[in-house]
$ cat model_4.cif   # mmCIF, C-alpha atoms
data_input
#
loop_
_atom_site.label_atom_id
_atom_site.label_comp_id
_atom_site.auth_asym_id
_atom_site.auth_seq_id
_atom_site.Cartn_x
_atom_site.Cartn_y
_atom_site.Cartn_z
CA MET A 27 -60.08 31.14 -150.90
CA LYS A 28 -58.44 32.79 -153.92
CA ASN A 29 -55.59 30.29 -153.68
CA THR A 30 -57.77 27.16 -153.49
CA PRO A 31 -56.40 24.70 -156.09
CA LYS A 32 -58.69 24.10 -159.06
CA SER A 33 -58.85 20.39 -158.23
CA LEU A 34 -60.56 21.28 -154.93
CA ARG A 35 -63.12 23.61 -156.52
CA LEU A 36 -66.59 22.70 -157.71
CA GLN A 37 -66.28 22.48 -161.52
CA ILE A 38 -69.22 24.11 -163.34
CA GLY A 39 -69.24 23.67 -167.12
CA ILE A 40 -71.08 26.22 -169.29
CA PHE A 41 -72.37 24.72 -172.55
CA GLY A 42 -74.55 25.92 -175.39
CA ARG A 43 -74.64 27.02 -179.01
CA THR A 44 -72.41 29.75 -180.39
CA ASN A 45 -73.60 33.26 -179.59
CA VAL A 46 -76.15 32.13 -177.01
CA GLY A 47 -74.39 34.35 -174.47
CA LYS A 48 -72.24 31.88 -172.51
CA SER A 49 -69.36 34.31 -172.05
CA SER A 50 -71.70 37.20 -171.23
CA PHE A 51 -73.39 35.01 -168.62
CA LEU A 52 -70.00 34.14 -167.08
CA ASN A 53 -69.16 37.84 -166.92
CA LEU A 54 -72.50 38.56 -165.25
CA VAL A 55 -72.02 35.85 -162.63
CA SER A 56 -68.41 36.79 -161.88
CA GLY A 57 -69.15 40.50 -161.89
CA GLN A 58 -66.18 41.19 -164.18
CA ASP A 59 -65.02 40.72 -167.76
CA ALA A 60 -63.71 37.19 -167.32
CA ALA A 61 -64.37 36.25 -170.95
CA ILE A 62 -64.26 38.15 -174.24
CA THR A 63 -67.70 38.73 -175.71
CA SER A 64 -68.69 39.60 -179.28
CA PRO A 65 -71.67 39.21 -181.61
CA VAL A 66 -69.35 37.27 -183.92
CA PRO A 67 -70.06 33.50 -183.54
CA GLY A 68 -67.11 31.45 -182.27
CA THR A 69 -65.48 34.24 -180.24
CA THR A 70 -64.65 31.76 -177.45
CA THR A 71 -61.78 29.82 -179.03
CA ASP A 72 -60.74 27.75 -176.03
CA VAL A 73 -62.06 26.85 -172.60
CA VAL A 74 -62.05 29.93 -170.33
CA GLU A 75 -61.59 29.09 -166.65
CA LYS A 76 -62.85 31.52 -164.03
CA PRO A 77 -62.19 30.59 -160.37
CA MET A 78 -64.27 32.47 -157.83
CA GLU A 79 -65.88 32.22 -154.41
CA LEU A 80 -69.60 31.57 -154.72
CA LEU A 81 -70.99 31.77 -151.19
CA PRO A 82 -72.53 29.80 -149.60
CA VAL A 83 -71.43 27.12 -152.08
CA GLY A 84 -67.71 27.78 -151.64
CA PRO A 85 -64.78 27.84 -154.09
CA VAL A 86 -65.86 27.07 -157.67
CA VAL A 87 -64.42 27.31 -161.15
CA PHE A 88 -66.62 28.12 -164.15
CA LEU A 89 -65.59 26.51 -167.46
CA ASP A 90 -66.79 28.55 -170.43
CA THR A 91 -66.72 26.38 -173.56
CA ALA A 92 -66.85 26.95 -177.30
CA GLY A 93 -70.25 26.68 -178.98
CA LEU A 94 -71.40 23.17 -179.83
CA ASP A 95 -72.41 24.26 -183.31
CA ASP A 96 -69.07 25.91 -184.15
CA ASN A 97 -68.57 25.37 -187.89
CA SER A 98 -65.51 27.60 -188.27
CA LEU A 99 -62.15 26.41 -189.57
CA LEU A 100 -60.99 25.74 -186.01
CA GLY A 101 -64.36 24.40 -184.92
CA GLU A 102 -63.36 20.74 -184.78
CA ALA A 103 -60.40 21.45 -182.48
CA ARG A 104 -62.55 23.66 -180.27
CA LEU A 105 -65.28 21.04 -179.99
CA LYS A 106 -62.72 18.43 -178.97
CA LYS A 107 -61.71 20.68 -176.06
CA THR A 108 -65.36 21.31 -175.23
CA SER A 109 -66.15 17.61 -175.22
CA GLY A 110 -63.44 16.93 -172.65
CA ILE A 111 -65.07 19.36 -170.22
CA PHE A 112 -68.02 16.98 -169.81
CA ASP A 113 -65.72 14.59 -167.91
CA ARG A 114 -64.50 17.41 -165.72
CA SER A 115 -67.80 19.12 -164.85
CA ASP A 116 -69.51 18.42 -161.52
CA ILE A 117 -72.49 20.49 -162.69
CA VAL A 118 -73.48 21.57 -166.21
CA LEU A 119 -75.13 24.89 -167.04
CA LEU A 120 -76.89 24.56 -170.40
CA LEU A 121 -77.54 27.98 -171.91
CA THR A 122 -80.25 28.43 -174.50
CA GLU A 123 -82.64 31.10 -175.77
CA ALA A 124 -86.41 31.40 -175.67
CA GLU A 125 -88.20 29.05 -178.08
CA SER A 126 -84.86 27.48 -179.13
CA TRP A 127 -84.24 23.82 -178.36
CA GLY A 128 -82.95 21.15 -180.68
CA GLU A 129 -80.14 18.77 -181.61
CA TYR A 130 -77.35 20.59 -179.77
CA GLU A 131 -79.23 20.90 -176.49
CA GLU A 132 -80.25 17.24 -176.66
CA ARG A 133 -76.61 16.32 -177.26
CA VAL A 134 -75.62 18.05 -174.02
CA LEU A 135 -78.34 16.20 -172.11
CA GLY A 136 -77.16 12.92 -173.63
CA GLU A 137 -73.59 13.52 -172.50
CA THR A 138 -74.68 14.47 -168.98
CA GLU A 139 -76.97 11.45 -168.70
CA LYS A 140 -74.06 9.13 -169.55
CA ARG A 141 -72.03 10.68 -166.76
CA ARG A 142 -74.96 11.23 -164.36
CA THR A 143 -74.04 14.93 -164.17
CA PRO A 144 -76.74 17.31 -162.87
CA VAL A 145 -77.92 20.00 -165.31
CA ILE A 146 -79.32 23.49 -164.81
CA VAL A 147 -80.87 25.15 -167.86
CA VAL A 148 -80.36 28.90 -168.23
CA ILE A 149 -82.71 30.60 -170.70
CA ASN A 150 -80.72 33.67 -171.67
CA LYS A 151 -81.44 36.88 -173.60
CA THR A 152 -84.84 37.45 -172.06
CA ASP A 153 -84.36 41.14 -172.87
CA LEU A 154 -84.92 40.16 -176.52
CA VAL A 155 -87.56 37.43 -176.26
CA ILE A 156 -89.64 36.37 -173.26
CA PRO A 157 -89.97 32.56 -173.16
CA SER A 158 -93.54 31.31 -173.42
CA ALA A 159 -95.16 29.27 -170.66
CA GLU A 160 -95.38 26.32 -173.07
CA TYR A 161 -91.63 26.51 -173.79
CA ILE A 162 -90.75 26.63 -170.11
CA GLU A 163 -92.95 23.62 -169.36
CA ARG A 164 -91.35 21.74 -172.26
CA ILE A 165 -87.87 22.38 -170.85
CA LYS A 166 -88.93 21.49 -167.30
CA SER A 167 -90.19 18.13 -168.56
CA LYS A 168 -86.59 17.42 -169.56
CA VAL A 169 -84.65 19.33 -166.88
CA PRO A 170 -86.51 20.36 -163.71
CA ARG A 171 -83.99 23.06 -162.72
CA LEU A 172 -84.26 26.20 -164.80
CA ILE A 173 -83.63 29.93 -164.53
CA THR A 174 -84.35 32.79 -166.93
CA CYS A 175 -82.13 35.83 -167.25
CA SER A 176 -80.60 38.50 -169.42
CA SER A 177 -76.80 38.56 -169.25
CA LEU A 178 -76.92 42.27 -170.05
CA ASP A 179 -79.21 43.08 -167.13
CA ALA A 180 -76.63 43.91 -164.48
CA ALA A 181 -79.28 45.61 -162.32
CA ASN A 182 -80.89 42.23 -161.58
CA ARG A 183 -77.62 40.32 -161.19
CA ASP A 184 -78.28 39.49 -157.53
CA ILE A 185 -81.68 37.98 -158.36
CA TYR A 186 -80.23 35.78 -161.11
CA LEU A 187 -77.31 34.81 -158.88
CA GLN A 188 -79.56 33.79 -155.99
CA ASP A 189 -81.59 31.53 -158.29
CA LEU A 190 -78.42 30.00 -159.69
CA LYS A 191 -76.88 29.37 -156.25
CA ARG A 192 -80.11 27.80 -154.97
CA HIS A 193 -80.10 25.29 -157.83
CA ILE A 194 -76.36 24.61 -157.46
CA LEU A 195 -76.77 23.83 -153.76
CA GLU A 196 -79.64 21.44 -154.57
CA VAL A 197 -77.53 19.40 -157.01
CA CYS A 198 -74.08 19.90 -155.53
CA PRO A 199 -72.29 16.53 -155.08
CA ASP A 200 -72.15 15.32 -151.49
CA ASP A 201 -68.39 14.79 -151.71
CA PHE A 202 -67.95 18.53 -152.34
CA LEU A 203 -70.16 19.76 -149.50
CA ASN A 204 -68.96 16.91 -147.23
CA PRO A 205 -65.61 15.82 -148.70
CA PRO A 206 -64.29 12.36 -147.77
CA ALA A 207 -61.43 12.18 -145.30
CA LEU A 208 -57.94 11.92 -146.70
CA ALA A 209 -56.08 10.60 -143.67
CA GLY A 210 -57.87 11.91 -140.58
CA ASP A 211 -60.29 8.99 -140.35
CA LEU A 212 -57.34 6.62 -139.92
CA LEU A 213 -56.48 8.27 -136.60
CA PRO A 214 -58.24 8.32 -133.23
CA PRO A 215 -59.20 11.74 -131.80
CA GLY A 216 -56.05 13.28 -130.40
CA GLY A 217 -53.91 10.81 -132.36
CA LEU A 218 -50.53 11.40 -133.95
CA ALA A 219 -49.45 10.92 -137.55
CA VAL A 220 -45.89 11.10 -138.78
CA PHE A 221 -45.42 12.33 -142.36
CA VAL A 222 -42.12 11.41 -144.00
CA VAL A 223 -41.41 14.04 -146.65
CA PRO A 224 -38.27 13.90 -148.81
CA ILE A 225 -36.70 17.19 -149.83
CA ASP A 226 -35.07 16.39 -153.17
CA LEU A 227 -34.76 17.79 -156.69
CA GLN A 228 -38.47 17.25 -157.32
CA ALA A 229 -39.58 19.10 -154.19
CA PRO A 230 -40.80 22.66 -154.93
CA LYS A 231 -38.53 25.35 -153.54
CA GLY A 232 -39.70 26.75 -150.22
CA ARG A 233 -42.91 24.71 -149.89
CA LEU A 234 -44.46 21.25 -149.68
CA ILE A 235 -46.37 19.64 -152.54
CA LEU A 236 -50.17 19.77 -152.62
CA PRO A 237 -50.89 16.16 -151.45
CA GLN A 238 -48.74 16.67 -148.37
CA VAL A 239 -50.36 20.01 -147.52
CA GLN A 240 -53.87 18.58 -148.00
CA ALA A 241 -53.08 15.58 -145.80
CA ILE A 242 -51.71 17.80 -143.03
CA ARG A 243 -54.84 19.95 -143.08
CA ASP A 244 -57.09 16.88 -143.10
CA VAL A 245 -55.42 15.43 -140.01
CA LEU A 246 -55.71 18.76 -138.21
CA ASP A 247 -59.38 19.03 -139.22
CA ASN A 248 -59.95 15.62 -137.59
CA ASP A 249 -58.53 16.81 -134.25
CA SER A 250 -55.23 14.96 -134.50
CA SER A 251 -51.59 16.05 -134.74
CA VAL A 252 -48.87 15.73 -137.38
CA LEU A 253 -45.11 15.42 -137.06
CA VAL A 254 -43.35 16.15 -140.37
CA VAL A 255 -39.81 14.85 -140.92
CA LYS A 256 -37.43 14.01 -143.74
CA GLU A 257 -36.62 10.35 -144.35
CA ARG A 258 -33.12 10.62 -142.88
CA GLU A 259 -34.47 11.99 -139.59
CA TYR A 260 -37.45 9.63 -139.38
CA ALA A 261 -35.88 6.83 -137.30
CA ALA A 262 -34.41 9.32 -134.82
CA ALA A 263 -37.77 11.10 -134.52
CA LEU A 264 -39.50 7.80 -133.68
CA ARG A 265 -37.01 7.12 -130.88
CA ARG A 266 -37.80 10.48 -129.31
CA LEU A 267 -41.53 9.77 -129.12
CA LYS A 268 -42.88 8.55 -125.80
CA ASP A 269 -45.55 6.48 -127.57
CA PRO A 270 -45.55 5.13 -131.14
CA PRO A 271 -47.54 7.12 -133.70
CA ASP A 272 -50.98 5.98 -134.84
CA LEU A 273 -50.12 6.32 -138.52
CA VAL A 274 -47.06 6.91 -140.70
CA VAL A 275 -47.37 8.25 -144.25
CA CYS A 276 -44.47 8.71 -146.64
CA ASP A 277 -43.66 9.75 -150.18
CA SER A 278 -43.73 6.64 -152.37
CA GLN A 279 -40.10 7.05 -153.35
CA VAL A 280 -38.93 6.36 -149.78
CA VAL A 281 -41.45 3.62 -148.98
CA LEU A 282 -38.77 0.93 -148.61
CA LYS A 283 -36.86 2.89 -145.97
CA MET A 284 -40.04 3.99 -144.21
CA THR A 285 -41.39 0.45 -143.85
CA ALA A 286 -38.01 -0.79 -142.65
CA ASP A 287 -37.90 1.86 -139.91
CA THR A 288 -41.55 1.55 -138.83
CA PRO A 289 -42.54 -0.94 -136.08
CA GLU A 290 -44.83 -3.71 -137.35
CA SER A 291 -47.53 -2.64 -134.90
CA VAL A 292 -47.82 0.84 -136.51
CA LYS A 293 -50.06 1.39 -139.52
CA CYS A 294 -48.29 2.94 -142.49
CA THR A 295 -48.99 3.88 -146.08
CA THR A 296 -48.05 6.45 -148.74
CA PHE A 297 -49.49 9.79 -149.83
CA SER A 298 -50.19 8.35 -153.26
CA ILE A 299 -52.22 5.49 -151.80
CA LEU A 300 -54.20 7.98 -149.70
CA PHE A 301 -55.02 9.82 -152.92
CA ALA A 302 -56.00 6.58 -154.68
CA ARG A 303 -58.75 6.33 -152.05
CA TYR A 304 -59.56 10.06 -151.95
CA LYS A 305 -59.79 10.59 -155.71
CA GLY A 306 -60.90 7.21 -157.02
CA ASP A 307 -61.53 3.58 -156.08
CA LEU A 308 -58.73 2.22 -153.89
CA SER A 309 -59.88 -1.40 -153.96
CA ALA A 310 -60.02 -1.41 -157.77
CA ALA A 311 -56.60 0.27 -157.97
CA ALA A 312 -55.14 -2.22 -155.47
CA GLY A 313 -56.44 -5.17 -157.49
CA ALA A 314 -55.00 -3.63 -160.64
CA ALA A 315 -51.57 -3.31 -158.99
CA ALA A 316 -51.36 -7.11 -158.88
CA VAL A 317 -51.26 -7.14 -162.70
CA ILE A 318 -47.63 -5.96 -162.42
CA ARG A 319 -46.75 -9.46 -161.26
CA LYS A 320 -47.70 -11.01 -164.62
CA LEU A 321 -46.25 -8.46 -167.03
CA GLY A 322 -44.20 -10.01 -169.80
CA PRO A 323 -42.17 -9.13 -172.88
CA LYS A 324 -43.80 -6.68 -175.28
CA ASP A 325 -46.60 -5.81 -172.84
CA LYS A 326 -47.50 -2.15 -173.20
CA ILE A 327 -47.92 0.13 -170.16
CA LEU A 328 -49.32 3.65 -170.00
CA ILE A 329 -47.94 5.98 -167.35
CA SER A 330 -50.43 8.83 -167.00
CA GLU A 331 -49.65 12.11 -165.27
CA ALA A 332 -52.39 14.60 -164.43
CA CYS A 333 -50.09 17.62 -164.55
CA SER A 334 -47.66 18.90 -167.14
CA HIS A 335 -44.20 19.52 -165.77
CA HIS A 336 -40.61 19.65 -166.89
CA ALA A 337 -39.14 16.20 -166.26
CA VAL A 338 -36.08 16.27 -164.02
CA GLU A 339 -33.10 13.96 -164.31
CA ASP A 340 -34.57 11.19 -162.12
CA ASP A 341 -38.27 11.86 -162.78
CA ILE A 342 -40.55 9.45 -160.91
CA GLY A 343 -42.99 8.75 -163.75
CA ARG A 344 -40.68 8.93 -166.74
CA VAL A 345 -37.48 7.46 -165.32
CA LYS A 346 -37.80 5.65 -161.98
CA ILE A 347 -41.03 3.67 -162.44
CA PRO A 348 -40.03 2.48 -165.96
CA ARG A 349 -36.63 1.42 -164.61
CA TRP A 350 -38.15 -0.42 -161.64
CA LEU A 351 -40.72 -2.14 -163.88
CA LYS A 352 -38.02 -3.52 -166.16
CA GLN A 353 -35.88 -4.60 -163.21
CA TYR A 354 -38.84 -6.31 -161.52
CA THR A 355 -40.13 -8.15 -164.57
CA GLY A 356 -36.86 -8.69 -166.38
CA ALA A 357 -38.84 -8.07 -169.56
CA ASP A 358 -38.66 -5.57 -172.40
CA ILE A 359 -41.84 -3.72 -171.46
CA ARG A 360 -43.01 -0.94 -173.75
CA ILE A 361 -43.96 2.24 -171.92
CA ASP A 362 -45.89 5.31 -173.09
CA VAL A 363 -46.37 8.51 -171.07
CA SER A 364 -49.32 10.92 -171.23
CA SER A 365 -49.53 14.16 -169.29
CA GLY A 366 -51.97 16.92 -168.41
CA ARG A 367 -55.62 16.51 -169.26
CA ASP A 368 -54.81 14.58 -172.45
CA TYR A 369 -55.91 10.96 -172.06
CA PRO A 370 -55.21 8.59 -174.96
CA LYS A 371 -58.09 7.19 -177.00
CA ASN A 372 -56.31 3.93 -177.76
CA LEU A 373 -56.52 2.51 -174.23
CA LYS A 374 -57.14 -1.04 -175.46
CA GLU A 375 -53.48 -1.23 -176.49
CA TYR A 376 -52.34 -1.28 -172.88
CA LYS A 377 -52.00 -4.10 -170.39
CA LEU A 378 -52.05 -1.69 -167.45
CA ILE A 379 -52.35 2.03 -166.70
CA ILE A 380 -50.24 3.44 -163.88
CA HIS A 381 -51.66 6.84 -162.94
CA CYS A 382 -50.20 9.53 -160.73
CA GLY A 383 -51.96 10.43 -157.49
CA GLY A 384 -54.24 12.82 -159.39
CA CYS A 385 -53.91 15.77 -157.03
CA MET A 386 -54.55 18.11 -159.99
CA LEU A 387 -57.74 16.26 -161.01
CA THR A 388 -61.15 16.28 -159.40
CA ARG A 389 -62.56 13.02 -158.05
CA ARG A 390 -65.04 13.03 -160.95
CA GLU A 391 -62.22 13.29 -163.50
CA MET A 392 -60.27 10.45 -161.92
CA LEU A 393 -63.31 8.19 -161.73
CA SER A 394 -64.11 9.08 -165.35
CA ARG A 395 -60.61 8.02 -166.38
CA MET A 396 -60.98 4.74 -164.51
CA GLU A 397 -64.37 4.16 -166.13
CA LYS A 398 -63.00 4.77 -169.63
CA ALA A 399 -60.18 2.34 -168.96
CA GLY A 400 -62.67 -0.18 -167.60
CA GLU A 401 -64.72 0.06 -170.79
CA ALA A 402 -61.53 -0.75 -172.69
CA GLY A 403 -60.83 -3.70 -170.37
CA VAL A 404 -57.67 -2.09 -168.94
CA PRO A 405 -56.98 -2.00 -165.16
CA VAL A 406 -55.79 1.25 -163.55
CA THR A 407 -53.50 1.48 -160.55
CA ASN A 408 -51.42 4.42 -159.34
CA TYR A 409 -47.83 5.38 -158.60
CA GLY A 410 -47.88 4.57 -154.89
CA LEU A 411 -49.46 1.15 -155.32
CA ALA A 412 -47.21 0.24 -158.25
CA ILE A 413 -44.04 1.32 -156.45
CA SER A 414 -45.06 -0.63 -153.34
CA VAL A 415 -45.47 -3.79 -155.45
CA LEU A 416 -42.11 -3.20 -157.12
CA GLN A 417 -40.45 -2.64 -153.72
CA GLY A 418 -42.10 -5.70 -152.16
CA VAL A 419 -44.02 -3.80 -149.44
CA ILE A 420 -47.55 -3.60 -150.91
CA GLU A 421 -49.21 -5.71 -148.19
CA ARG A 422 -47.59 -3.59 -145.49
CA VAL A 423 -48.79 -0.25 -146.88
CA LEU A 424 -52.29 -1.58 -147.55
CA SER A 425 -52.70 -2.73 -143.95
CA PRO A 426 -54.75 0.36 -142.99
CA PHE A 427 -57.25 -0.55 -145.74
CA PRO A 428 -58.52 -4.13 -145.26
CA ALA A 429 -60.87 -4.13 -148.27
CA ALA A 430 -58.13 -2.90 -150.61
CA LEU A 431 -55.66 -5.42 -149.21
CA GLU A 432 -58.15 -8.22 -149.81
CA ALA A 433 -58.71 -7.00 -153.39
CA TYR A 434 -54.97 -7.11 -154.03
CA LEU A 435 -54.52 -10.56 -152.48
CA ASN A 436 -57.49 -12.00 -154.39
CA GLU A 437 -56.16 -10.69 -157.69
CA ALA A 438 -52.63 -11.88 -156.85
CA LYS A 439 -53.92 -15.42 -156.20
CA SER A 440 -55.48 -15.56 -159.66
CA ILE A 441 -52.17 -14.81 -161.37
#
$ encode --input "model_4.cif" --output "structure tokens"
Amino acid sequence: MKNTPKSLRLQIGIFGRTNVGKSSFLNLVSGQDAAITSPVPGTTTDVVEKPMELLPVGPVVFLDTAGLDDNSLLGEARLKKTSGIFDRSDIVLLLTEAESWGEYEERVLGETEKRRTPVIVVINKTDLVIPSAEYIERIKSKVPRLITCSSLDAANRDIYLQDLKRHILEVCPDDFLNPPALAGDLLPPGGLAVFVVPIDLQAPKGRLILPQVQAIRDVLDNDSSVLVVKEREYAAALRRLKDPPDLVVCDSQVVLKMTADTPESVKCTTFSILFARYKGDLSAAAGAAAVIRKLGPKDKILISEACSHHAVEDDIGRVKIPRWLKQYTGADIRIDVSSGRDYPKNLKEYKLIIHCGGCMLTRREMLSRMEKAGEAGVPVTNYGLAISVLQGVIERVLSPFPAALEAYLNEAKSI
């Protein structure tokens, strides 16, 4: 549980004014000094992340943000970081004090309403002022879920925690409590999947990458089996099987070889395409992939990576995809790259966004990115779909997903 990736944890954002006790509340909930506390306003200078196990909810990560009314010299930079946490949060905890509610609290509610994010109000510092019945009713008319506490009252921590967990379970997104299948639903009970996993310069030493590990676990959870091979051993492994596999999944970089070696009767796809479905909207991403077919000179493309990493010599996002795009289109396409949780504001400049699989993002974050691009009128596809178009095998790897294949074909006809 301690090693659960942040992208698989329930993201709980803690918002409120400076000095309302956000960091003290995080320390109370976690039972340790996870965040620095001080009576000096603006002590929290950046987002503090605290992963923990919150039973019976499961693995969560609390995101302690800077105060919304931070007027210090660094306040603007801090508020920019804080604002980005709205897109990331599955649940928002809005901390306030008795008899205190105004512009900043309403701003938080406005941001959560835009994103349809559930809110739990925490009235803190009850050791100083007890909230009146009228105040509580006023808050409940805006937000029905509310708890009162004192972050300094460690003796009653269990009581506060039980109230908090009860509210979290009531508003917890269904896809966290009952996560969608990644690959297991594509197999019959007792079925067999073959995963083709290259071991190259970009493969982490001594382990598999997160999407591959998640897919293996998902297949096992759905009572099926997995055979894992490298691309050079794939054809030989198929010949040794008594019956053909029910599904083949490969790394996008070897999709051409995988499809060539896979019998037409066997469903196949890529890990990146599985994640396009798991993290976002596969049909929308498949339709967007068709835009590659009409790219022309001077069109501008954004390649967006969810993680920050040191680019290797033949990096997939920074080297290979740009090279394949220019070879495919024969045009002088302009390409920008963004990485980490930074997402450009000037999305309208781009003809297309090609996003990584998003294994480091939550589903909410990925959908938020797609929604922002949609508002700017820019389609979003992902690495696996784009590479499959560029390699001429997109219809083959979309065969397990009829709706997505139809979306691609319909968009392709309009070009």
$ residues_around --input "model_4.cif" --residues "segment 55-57 of chain A" --least-positions-apart "4" --cutoff "9 Å" --atoms "only C-alpha atoms" --output "PyMOL selection string"
chain A and resi 50-51+76-78+80+177+180+183-184+186-187
$ residues_around --input "model_4.cif" --residues "Asp247 of chain A" --least-positions-apart "3" --cutoff "12 Å" --atoms "all atoms listed in the file" --output "list of chain:residue names"
A:Pro205, A:Pro206, A:Ala207, A:Leu208, A:Ala209, A:Gly210, A:Asp211, A:Leu213, A:Pro215, A:Gly216, A:Gln240, A:Ala241, A:Ile242, A:Arg243, A:Asp244, A:Ser250, A:Ser251, A:Val252
$ atom_distance --input "model_4.cif" --atom1 "atom CA of Val73 of chain A" --atom2 "atom CA of Ala92 of chain A"
6.7 Å
$ closest_residue --input "model_4.cif" --among "A:Ala429, A:Tyr434, A:Gly42, A:Val197" --to "Glu129 of chain A" --atoms "all atoms listed in the file"
A:Gly42
$ atom_distance --input "model_4.cif" --atom1 "atom CA of Gln417 of chain A" --atom2 "atom CA of Leu282 of chain A"
6.5 Å
$ residues_around --input "model_4.cif" --residues "segment 313-316 of chain A" --least-positions-apart "5" --cutoff "8 Å" --atoms "only C-alpha atoms" --output "ChimeraX atom specification"
/A:378,405-408,411-412,415,430,433-438
$ resolve_selection --input "model_4.cif" --expression "the PyMOL selection byres ((chain A and resi 33) around 9)" --output "list in words"
Thr30, Pro31, Lys32, Leu34, Arg35, Leu36, Gln37, Gly384, Cys385, Met386, Leu387, Thr388 and Arg389 of chain A
$ write_last_selection --input "model_4.cif" --atoms "C-alpha atoms" --output "mmCIF file, in the coordinates of the input"
data_model
loop_
_atom_site.group_PDB
_atom_site.id
_atom_site.type_symbol
_atom_site.label_atom_id
_atom_site.label_comp_id
_atom_site.auth_asym_id
_atom_site.auth_seq_id
_atom_site.Cartn_x
_atom_site.Cartn_y
_atom_site.Cartn_z
ATOM 1 C CA THR A 30 -57.770 27.160 -153.490
ATOM 2 C CA PRO A 31 -56.400 24.700 -156.090
ATOM 3 C CA LYS A 32 -58.690 24.100 -159.060
ATOM 4 C CA LEU A 34 -60.560 21.280 -154.930
ATOM 5 C CA ARG A 35 -63.120 23.610 -156.520
ATOM 6 C CA LEU A 36 -66.590 22.700 -157.710
ATOM 7 C CA GLN A 37 -66.280 22.480 -161.520
ATOM 8 C CA GLY A 384 -54.240 12.820 -159.390
ATOM 9 C CA CYS A 385 -53.910 15.770 -157.030
ATOM 10 C CA MET A 386 -54.550 18.110 -159.990
ATOM 11 C CA LEU A 387 -57.740 16.260 -161.010
ATOM 12 C CA THR A 388 -61.150 16.280 -159.400
ATOM 13 C CA ARG A 389 -62.560 13.020 -158.050
#
$ residues_around --input "model_4.cif" --residues "Arg395 of chain A" --least-positions-apart "5" --cutoff "12 Å" --atoms "all atoms listed in the file" --output "count of residues only"
32
$ resolve_selection --input "model_4.cif" --expression "the PyMOL selection byres ((chain A and resi 260) around 10)" --output "list of chain:residue names"
A:Val220, A:Phe221, A:Val222, A:Val223, A:Leu253, A:Val254, A:Val255, A:Lys256, A:Glu257, A:Arg258, A:Glu259, A:Ala261, A:Ala262, A:Ala263, A:Leu264, A:Arg265, A:Lys283, A:Met284, A:Asp287, A:Thr288
$ closest_residue --input "model_4.cif" --among "A:Ser440, A:Val245, A:Gly217, A:Ser176" --to "Asp269 of chain A" --atoms "all atoms listed in the file"
A:Gly217
$ build_atoms --input "model_4.cif" --residues "segment 381-392 of chain A" --atoms "N, CA and C atoms" --output "compact mmCIF listing (two decimals), in the frame of the given file"
# COMPACT_ATOMS: atom_id res chain seq x y z
N HIS A 381 -51.30 5.42 -163.00
CA HIS A 381 -51.66 6.84 -162.94
C HIS A 381 -50.98 7.50 -161.75
N CYS A 382 -50.71 8.78 -161.88
CA CYS A 382 -50.20 9.53 -160.73
C CYS A 382 -51.29 9.64 -159.67
N GLY A 383 -50.98 10.30 -158.56
CA GLY A 383 -51.96 10.43 -157.49
C GLY A 383 -53.19 11.24 -157.86
N GLY A 384 -53.08 12.06 -158.92
CA GLY A 384 -54.24 12.82 -159.39
C GLY A 384 -54.59 14.03 -158.55
N CYS A 385 -53.59 14.62 -157.89
CA CYS A 385 -53.91 15.77 -157.03
C CYS A 385 -54.40 16.97 -157.84
N MET A 386 -54.10 17.00 -159.15
CA MET A 386 -54.55 18.11 -159.99
C MET A 386 -55.90 17.82 -160.65
N LEU A 387 -56.45 16.64 -160.44
CA LEU A 387 -57.74 16.26 -161.01
C LEU A 387 -58.81 16.27 -159.93
N THR A 388 -60.05 16.46 -160.33
CA THR A 388 -61.15 16.28 -159.40
C THR A 388 -61.44 14.79 -159.26
N ARG A 389 -62.17 14.43 -158.23
CA ARG A 389 -62.56 13.02 -158.05
C ARG A 389 -63.38 12.54 -159.26
N ARG A 390 -64.24 13.40 -159.78
CA ARG A 390 -65.04 13.03 -160.95
C ARG A 390 -64.15 12.71 -162.14
N GLU A 391 -63.12 13.53 -162.37
CA GLU A 391 -62.22 13.29 -163.50
C GLU A 391 -61.48 11.97 -163.35
N MET A 392 -61.01 11.69 -162.12
CA MET A 392 -60.27 10.45 -161.92
C MET A 392 -61.18 9.23 -162.11
